[in-house]
$ cat data.cif   # mmCIF, C-alpha atoms
data_my_file
#
loop_
_atom_site.label_atom_id
_atom_site.label_comp_id
_atom_site.auth_asym_id
_atom_site.auth_seq_id
_atom_site.Cartn_x
_atom_site.Cartn_y
_atom_site.Cartn_z
CA MET A 844 0.00 0.00 0.00
CA LEU A 845 1.35 3.40 -0.94
CA SER A 846 1.67 5.95 1.83
CA LYS A 847 -0.32 9.14 2.07
CA GLU A 848 2.87 11.13 1.45
CA GLU A 849 3.66 9.19 -1.74
CA ILE A 850 0.16 9.71 -3.14
CA ASN A 851 0.11 13.40 -2.22
CA ALA A 852 3.53 13.93 -3.76
CA ALA A 853 2.39 12.30 -7.00
CA LEU A 854 -0.90 14.22 -7.21
CA GLY A 855 0.80 17.51 -6.37
CA LYS A 856 3.81 17.10 -8.64
CA GLY A 857 5.22 20.44 -9.82
CA LEU A 858 3.11 22.58 -7.49
CA THR A 859 4.58 24.98 -4.95
CA GLN A 860 4.10 24.37 -1.21
CA ALA A 861 1.73 27.35 -1.07
CA GLN A 862 -0.38 25.86 -3.87
CA LEU A 863 -0.40 22.44 -2.21
CA ASP A 864 -1.50 24.02 1.06
CA ALA A 865 -4.27 25.99 -0.65
CA LEU A 866 -5.61 22.86 -2.37
CA HIS A 867 -5.27 20.84 0.80
CA ASN A 868 -7.22 23.44 2.80
CA ALA A 869 -9.99 23.80 0.19
CA ARG A 870 -13.50 22.52 0.88
CA VAL A 871 -15.47 21.88 -2.29
CA ALA A 872 -18.94 20.40 -2.81
CA VAL A 873 -20.23 18.71 -5.93
CA VAL A 874 -24.02 18.67 -6.05
CA GLY A 875 -25.29 16.04 -8.47
CA LEU A 876 -23.02 13.17 -9.48
CA GLY A 877 -24.09 12.58 -13.08
CA GLY A 878 -22.23 13.51 -16.26
CA LEU A 879 -20.96 16.79 -14.86
CA GLY A 880 -20.58 15.92 -11.19
CA SER A 881 -18.89 12.51 -11.46
CA ASN A 882 -16.27 13.92 -13.83
CA ILE A 883 -15.78 17.07 -11.71
CA ALA A 884 -15.25 14.92 -8.61
CA VAL A 885 -12.62 12.79 -10.37
CA ALA A 886 -10.74 15.90 -11.51
CA LEU A 887 -10.92 17.46 -8.04
CA THR A 888 -9.66 14.27 -6.41
CA ARG A 889 -6.72 14.15 -8.81
CA LEU A 890 -6.00 17.76 -7.77
CA GLY A 891 -5.70 16.81 -4.12
CA ILE A 892 -8.61 18.89 -2.83
CA GLY A 893 -8.65 18.75 0.99
CA GLN A 894 -12.31 18.11 1.69
CA LEU A 895 -14.73 16.97 -0.99
CA TYR A 896 -18.49 16.83 -0.35
CA LEU A 897 -20.45 14.70 -2.82
CA TYR A 898 -24.26 14.68 -2.98
CA ASP A 899 -26.68 12.71 -5.16
CA PHE A 900 -29.89 10.75 -4.51
CA ASP A 901 -29.90 8.63 -7.65
CA ARG A 902 -28.61 5.19 -8.64
CA VAL A 903 -26.36 4.30 -11.58
CA GLU A 904 -28.26 3.15 -14.69
CA LEU A 905 -26.98 1.60 -17.90
CA SER A 906 -27.97 4.76 -19.81
CA ASN A 907 -25.50 6.79 -17.68
CA LEU A 908 -22.43 5.04 -19.10
CA ASN A 909 -22.31 7.24 -22.21
CA ARG A 910 -21.04 10.17 -20.15
CA GLN A 911 -20.78 9.48 -16.44
CA TYR A 912 -17.79 8.15 -14.51
CA TYR A 913 -19.31 4.75 -13.72
CA PHE A 914 -18.84 1.18 -14.89
CA LEU A 915 -21.08 -1.83 -15.59
CA ASP A 916 -20.46 -3.18 -12.10
CA ASP A 917 -21.86 0.04 -10.61
CA ILE A 918 -25.34 -0.36 -12.12
CA GLY A 919 -27.98 -0.33 -9.40
CA GLN A 920 -25.69 1.24 -6.81
CA TYR A 921 -26.16 4.74 -5.48
CA LYS A 922 -23.95 7.15 -7.41
CA ALA A 923 -22.67 8.63 -4.15
CA ASP A 924 -21.43 5.15 -3.13
CA ALA A 925 -20.09 4.01 -6.52
CA LEU A 926 -18.19 7.24 -7.11
CA LEU A 927 -16.66 7.13 -3.65
CA LYS A 928 -15.23 3.71 -4.52
CA HIS A 929 -13.66 5.04 -7.73
CA LEU A 930 -12.24 8.14 -6.05
CA ARG A 931 -10.65 5.94 -3.39
CA GLN A 932 -8.82 4.18 -6.24
CA ILE A 933 -7.23 7.53 -7.09
CA ASN A 934 -6.50 8.59 -3.52
CA PRO A 935 -7.39 6.27 -0.63
CA TYR A 936 -6.48 9.05 1.82
CA ALA A 937 -8.72 11.77 0.35
CA ALA A 938 -11.22 13.27 2.79
CA LEU A 939 -14.42 12.43 0.94
CA HIS A 940 -17.86 13.09 2.39
CA SER A 941 -20.40 11.41 0.19
CA GLN A 942 -24.08 11.20 0.96
CA VAL A 943 -27.18 9.77 -0.72
CA VAL A 944 -29.42 12.81 -0.48
CA LYS A 945 -31.53 15.09 -2.62
CA VAL A 946 -30.29 18.62 -2.09
CA THR A 947 -33.20 20.96 -1.35
CA GLN A 948 -33.73 24.53 -0.25
CA GLU A 949 -34.29 23.20 3.27
CA ASN A 950 -31.14 21.07 3.66
CA ILE A 951 -28.71 23.38 1.82
CA PRO A 952 -27.60 25.20 5.02
CA ALA A 953 -26.66 21.88 6.67
CA LEU A 954 -25.13 20.20 3.60
CA LEU A 955 -23.14 23.10 2.19
CA GLY A 956 -22.34 25.20 5.25
CA ASP A 957 -18.79 23.85 5.52
CA CYS A 958 -17.86 24.37 1.84
CA ASP A 959 -16.11 27.31 0.20
CA ILE A 960 -16.91 26.39 -3.40
CA ILE A 961 -20.00 24.61 -4.70
CA CYS A 962 -19.99 22.95 -8.11
CA GLU A 963 -23.56 22.82 -9.38
CA ALA A 964 -23.97 19.64 -11.41
CA LEU A 965 -27.70 18.89 -11.26
CA ASP A 966 -29.54 17.88 -14.40
CA ASP A 967 -32.77 19.88 -14.29
CA ALA A 968 -32.97 23.60 -14.92
CA ALA A 969 -35.23 24.26 -11.92
CA GLY A 970 -32.81 22.46 -9.59
CA LYS A 971 -29.90 24.49 -10.93
CA ALA A 972 -31.78 27.78 -10.44
CA MET A 973 -32.85 26.73 -6.92
CA LEU A 974 -29.34 25.73 -5.85
CA VAL A 975 -27.68 28.86 -7.23
CA SER A 976 -30.34 31.21 -5.82
CA THR A 977 -30.39 29.55 -2.41
CA VAL A 978 -26.62 29.35 -1.92
CA LEU A 979 -25.92 32.89 -3.09
CA SER A 980 -28.77 34.41 -1.08
CA THR A 981 -27.81 32.46 2.06
CA TRP A 982 -24.04 33.16 2.09
CA SER A 983 -22.02 36.09 0.78
CA ASP A 984 -18.65 34.30 0.91
CA LYS A 985 -19.25 31.09 -1.07
CA LYS A 986 -18.55 30.68 -4.77
CA VAL A 987 -20.87 28.71 -7.04
CA ILE A 988 -19.65 27.22 -10.31
CA ALA A 989 -22.71 26.23 -12.32
CA GLY A 990 -23.03 24.28 -15.55
CA SER A 991 -25.67 25.11 -18.15
CA GLY A 992 -25.81 24.19 -21.83
CA ILE A 993 -23.91 20.96 -22.49
CA ALA A 994 -26.13 19.02 -24.91
CA GLY A 995 -25.57 18.16 -28.56
CA PHE A 996 -22.42 18.04 -30.68
CA GLY A 997 -21.67 21.77 -30.88
CA LYS A 998 -18.07 22.96 -31.13
CA ALA A 999 -15.80 22.76 -28.10
CA GLU A 1000 -15.22 26.51 -28.05
CA GLU A 1001 -18.94 27.15 -27.51
CA ILE A 1002 -18.46 25.73 -24.01
CA THR A 1003 -17.03 28.64 -22.04
CA SER A 1004 -16.44 29.74 -18.44
CA LYS A 1005 -17.76 33.14 -17.43
CA LYS A 1006 -17.88 35.10 -14.21
CA ILE A 1007 -21.48 36.34 -13.98
CA THR A 1008 -21.56 38.03 -10.56
CA LYS A 1009 -19.16 38.32 -7.62
CA ASN A 1010 -19.78 34.74 -6.48
CA LEU A 1011 -21.28 33.06 -9.54
CA TYR A 1012 -19.42 31.44 -12.41
CA LEU A 1013 -21.19 29.78 -15.33
CA CYS A 1014 -19.74 27.10 -17.60
CA GLY A 1015 -21.38 25.68 -20.72
CA ASP A 1016 -22.84 27.12 -23.91
CA GLY A 1017 -25.79 28.58 -21.98
CA SER A 1018 -28.49 27.32 -24.32
CA SER A 1019 -28.35 23.68 -25.47
CA ASP A 1020 -31.02 21.76 -23.54
CA PHE A 1021 -30.96 18.00 -23.02
CA HIS A 1022 -34.68 17.87 -23.74
CA ASP A 1023 -33.95 18.86 -27.36
CA LEU A 1024 -30.53 17.31 -28.01
CA PRO A 1025 -28.66 14.12 -27.09
CA LEU A 1026 -25.85 14.23 -24.54
CA CYS A 1027 -22.38 13.54 -25.92
CA GLY A 1028 -19.99 12.43 -23.20
CA ALA A 1029 -17.07 14.38 -24.62
CA ARG A 1030 -19.01 17.65 -24.59
CA VAL A 1031 -20.44 17.07 -21.11
CA ALA A 1032 -16.92 16.33 -19.83
CA LEU A 1033 -15.62 19.53 -21.45
CA CYS A 1034 -18.00 21.52 -19.28
CA ALA A 1035 -17.18 19.41 -16.21
CA MET A 1036 -13.45 20.01 -16.72
CA GLN A 1037 -14.03 23.75 -17.08
CA GLN A 1038 -15.93 23.72 -13.78
CA ALA A 1039 -13.12 21.75 -12.08
CA LEU A 1040 -10.44 24.03 -13.53
CA LEU A 1041 -12.33 27.09 -12.33
CA ALA A 1042 -12.50 25.60 -8.84
CA ALA A 1043 -8.72 25.10 -8.94
CA ARG A 1044 -8.16 28.65 -10.22
CA ILE A 1045 -10.33 30.12 -7.46
CA ILE A 1046 -8.52 28.06 -4.80
CA LEU A 1047 -5.11 29.07 -6.18
CA ASP A 1048 -6.22 32.72 -6.22
CA LEU A 1049 -5.84 33.02 -9.99
CA GLU A 1050 -9.34 34.42 -10.57
CA GLU A 1051 -10.10 38.13 -10.24
CA ASN A 1052 -12.09 38.93 -7.14
CA MET B 1331 -32.86 49.94 -15.89
CA LEU B 1332 -29.93 47.75 -16.74
CA ILE B 1333 -30.59 44.08 -17.59
CA ASN B 1334 -27.55 41.85 -18.19
CA GLY B 1335 -25.56 44.97 -19.05
CA GLU B 1336 -28.13 46.28 -21.52
CA GLU B 1337 -30.04 49.54 -21.02
CA LYS B 1338 -33.83 49.06 -21.01
CA ALA B 1339 -36.70 51.40 -20.17
CA LEU B 1340 -39.25 50.43 -17.54
CA ALA B 1341 -42.40 52.57 -17.68
CA CYS B 1342 -43.63 51.82 -14.15
CA PRO B 1343 -42.52 49.81 -11.10
CA THR B 1344 -43.16 46.13 -11.79
CA ALA B 1345 -43.02 42.95 -9.72
CA LEU B 1346 -39.89 40.96 -10.54
CA SER B 1347 -41.93 37.83 -11.31
CA GLU B 1348 -44.07 39.78 -13.79
CA LEU B 1349 -41.03 41.40 -15.41
CA LEU B 1350 -39.35 38.02 -15.87
CA THR B 1351 -42.47 36.64 -17.55
CA GLN B 1352 -42.73 39.73 -19.79
CA LEU B 1353 -39.11 39.21 -20.81
CA GLY B 1354 -39.85 35.59 -21.73
CA TYR B 1355 -38.10 33.87 -18.82
CA ARG B 1356 -39.50 30.90 -16.93
CA THR B 1357 -39.24 32.03 -13.31
CA ALA B 1358 -38.39 28.53 -11.99
CA PHE B 1359 -35.34 28.34 -14.26
CA VAL B 1360 -33.63 31.64 -13.38
CA ALA B 1361 -31.37 33.13 -10.74
CA VAL B 1362 -31.60 36.90 -10.37
CA GLU B 1363 -29.19 39.41 -8.92
CA LEU B 1364 -30.72 42.79 -8.14
CA ASN B 1365 -28.27 45.63 -7.46
CA GLY B 1366 -25.64 43.16 -6.33
CA ASN B 1367 -27.86 40.93 -4.18
CA ILE B 1368 -29.23 37.54 -5.19
CA ILE B 1369 -33.00 37.42 -4.78
CA LYS B 1370 -34.55 34.30 -3.24
CA GLN B 1371 -36.96 32.63 -5.66
CA LYS B 1372 -39.82 32.90 -3.16
CA ASP B 1373 -39.34 36.69 -3.13
CA PHE B 1374 -39.71 37.16 -6.90
CA SER B 1375 -43.35 38.25 -6.64
CA SER B 1376 -42.86 40.55 -3.63
CA THR B 1377 -39.82 42.33 -5.13
CA THR B 1378 -40.57 45.49 -7.07
CA ILE B 1379 -38.29 46.61 -9.88
CA THR B 1380 -37.97 50.26 -10.84
CA ASP B 1381 -36.24 52.00 -13.73
CA ALA B 1382 -33.24 52.75 -11.47
CA ASP B 1383 -32.43 49.05 -10.89
CA LYS B 1384 -29.63 46.92 -12.20
CA LEU B 1385 -30.54 43.29 -12.89
CA GLU B 1386 -28.48 40.28 -13.78
CA ILE B 1387 -30.65 37.36 -14.92
CA VAL B 1388 -29.16 33.91 -15.42
CA SER B 1389 -31.39 31.38 -17.14
CA PHE B 1390 -30.54 27.70 -16.84
CA VAL B 1391 -31.14 24.86 -19.28
CA GLY B 1392 -31.27 21.17 -18.40
CA GLY B 1393 -28.43 18.67 -18.65
CA GLY B 1394 -26.01 17.31 -16.10
#

$ encode --input "data.cif" --output "structure tokens"
Amino acid sequence: MLSKEEINAALGKGLTQAQLDALHNARVAVVGLGGLGSNIAVALTRLGIGQLYLYDFDRVELSNLNRQYYFLDDIGQYKADALLKHLRQINPYAALHSQVVKVTQENIPALLGDCDIICEALDDAAGKAMLVSTVLSTWSDKKVIAGSGIAGFGKAEEITSKKITKNLYLCGDGSSDFHDLPLCGARVALCAMQQALLAARIILDLEEN
Amino acid sequence: MLINGEEKALACPTALSELLTQLGYRTAFVAVELNGNIIKQKDFSSTTITDADKLEIVSFVGGG
């Protein structure tokens, strides 16, 4: 078994001590563990994020395998449980808090109170609007990185990252809806990686305040 | 009134929920910042917008 130090050294290769400390002290939540969230969580685990909070109420289905970070053996399991298993294969020492739960207006204060950055990765538009509105109206010091517009086979450069308000960042093309277009795993992952990169940039103080 | 950085005229004070509908938004799918503060969704109908306000409206589409 590799030691914690060996794993951390590998994941943090090339980073300065200050950057490693910032990542290690970061507390990030991923709400929704589907095509966006499962891929975001993998990227954040590979970054060596200190505390990762993972929330989803759903189970893995065969139809998820076109874009989500799950495998045939995961079918029928809760996504929060299956993903935890995969993340432990990347870093068995990561502080992962995963819970089978539907995030609602009522439980947001309890579930997200300890986080600095929240990656919104829900699949329905109403859920996204609820999460963003509730978090940003409840706290003035938390950042939300939301994803919107990931469907279809549109060009990669249409998926962008934008700072909308002081605490809200939006990734995606802003308009392609999964009710009208199929979901292509590569394009969904592009948005997920932009959300994960933004989280890293915020933690490393590379984003304008 | 400024909406998403664009100057617009508002003839009379209007409830935020009504304004959103007039502008073609589905109120359940948007997050709104009014003069720097995010408005809770349950307060959309009790919040009045005047011509002096600055609004940022983010509309979400499905897919995750």

$ atom_distance --input "data.cif" --atom1 "atom CA of Ala1043 of chain A" --atom2 "atom CA of Gln862 of chain A"
9.8 Å

$ resolve_selection --input "data.cif" --expression "the PyMOL selection byres ((chain A and resi 979) around 12)" --output "PyMOL selection string"
(chain A and resi 948+951-952+955-956+959-961+972-978+980-989+1008-1012) or (chain B and resi 1361-1363+1366-1371)

$ resolve_selection --input "data.cif" --expression "the PyMOL selection byres ((chain A) within 9 of (chain B))" --output "count of residues only"
39

$ atom_distance --input "data.cif" --atom1 "atom CA of Leu1332 of chain B" --atom2 "atom CA of Lys1005 of chain A"
19.0 Å

$ axis_aligned_box --input "data.cif" --around "segment 996-1001 of chain A" --padding-each-side "3 Å" --output "AutoDock Vina command-line options"
--center_x -18.8 --center_y 22.6 --center_z -29.3 --size_x 13.2 --size_y 15.1 --size_z 9.6

$ resolve_selection --input "data.cif" --expression "the PyMOL selection byres ((chain A and resi 883) around 9)" --output "compact mmCIF listing (two decimals) with C-alpha atoms, in the coordinates of the input"
# COMPACT_ATOMS: atom_id res chain seq x y z
CA VAL A 873 -20.23 18.71 -5.93
CA LEU A 876 -23.02 13.17 -9.48
CA GLY A 878 -22.23 13.51 -16.26
CA LEU A 879 -20.96 16.79 -14.86
CA GLY A 880 -20.58 15.92 -11.19
CA SER A 881 -18.89 12.51 -11.46
CA ASN A 882 -16.27 13.92 -13.83
CA ALA A 884 -15.25 14.92 -8.61
CA VAL A 885 -12.62 12.79 -10.37
CA ALA A 886 -10.74 15.90 -11.51
CA LEU A 887 -10.92 17.46 -8.04
CA THR A 888 -9.66 14.27 -6.41
CA CYS A 962 -19.99 22.95 -8.11
CA ALA A 964 -23.97 19.64 -11.41
CA ALA A 1032 -16.92 16.33 -19.83
CA ALA A 1035 -17.18 19.41 -16.21
CA MET A 1036 -13.45 20.01 -16.72
CA GLN A 1037 -14.03 23.75 -17.08
CA GLN A 1038 -15.93 23.72 -13.78
CA ALA A 1039 -13.12 21.75 -12.08
CA LEU A 1040 -10.44 24.03 -13.53

$ residues_near_point --input "data.cif" --point "(-31.5, 48.1, -17.6)" --cutoff "12 Å" --atoms "only C-alpha atoms" --output "number ranges by chain"
B: 1331-1341, 1349, 1364-1365, 1379-1387

$ residues_near_point --input "data.cif" --point "(-29.8, 12.0, -8.3)" --cutoff "10 Å" --atoms "only C-alpha atoms" --output "PyMOL selection string"
chain A and resi 874-877+898-903+921-923+943-946+965-966

$ write_last_selection --input "data.cif" --atoms "C-alpha atoms" --output "PDB file, keeping the file's coordinate frame"
ATOM      1  CA  VAL A 874     -24.020  18.670  -6.050  1.00  0.00           C
ATOM      2  CA  GLY A 875     -25.290  16.040  -8.470  1.00  0.00           C
ATOM      3  CA  LEU A 876     -23.020  13.170  -9.480  1.00  0.00           C
ATOM      4  CA  GLY A 877     -24.090  12.580 -13.080  1.00  0.00           C
ATOM      5  CA  TYR A 898     -24.260  14.680  -2.980  1.00  0.00           C
ATOM      6  CA  ASP A 899     -26.680  12.710  -5.160  1.00  0.00           C
ATOM      7  CA  PHE A 900     -29.890  10.750  -4.510  1.00  0.00           C
ATOM      8  CA  ASP A 901     -29.900   8.630  -7.650  1.00  0.00           C
ATOM      9  CA  ARG A 902     -28.610   5.190  -8.640  1.00  0.00           C
ATOM     10  CA  VAL A 903     -26.360   4.300 -11.580  1.00  0.00           C
ATOM     11  CA  TYR A 921     -26.160   4.740  -5.480  1.00  0.00           C
ATOM     12  CA  LYS A 922     -23.950   7.150  -7.410  1.00  0.00           C
ATOM     13  CA  ALA A 923     -22.670   8.630  -4.150  1.00  0.00           C
ATOM     14  CA  VAL A 943     -27.180   9.770  -0.720  1.00  0.00           C
ATOM     15  CA  VAL A 944     -29.420  12.810  -0.480  1.00  0.00           C
ATOM     16  CA  LYS A 945     -31.530  15.090  -2.620  1.00  0.00           C
ATOM     17  CA  VAL A 946     -30.290  18.620  -2.090  1.00  0.00           C
ATOM     18  CA  LEU A 965     -27.700  18.890 -11.260  1.00  0.00           C
ATOM     19  CA  ASP A 966     -29.540  17.880 -14.400  1.00  0.00           C
TER      20      ASP A 966
END

$ residues_around --input "data.cif" --residues "Thr1377 of chain B" --least-positions-apart "4" --cutoff "8 Å" --atoms "only C-alpha atoms" --output "number ranges by chain"
B: 1345-1347, 1373

$ atom_distance --input "data.cif" --atom1 "atom CA of Leu863 of chain A" --atom2 "atom CA of Ile1046 of chain A"
10.2 Å
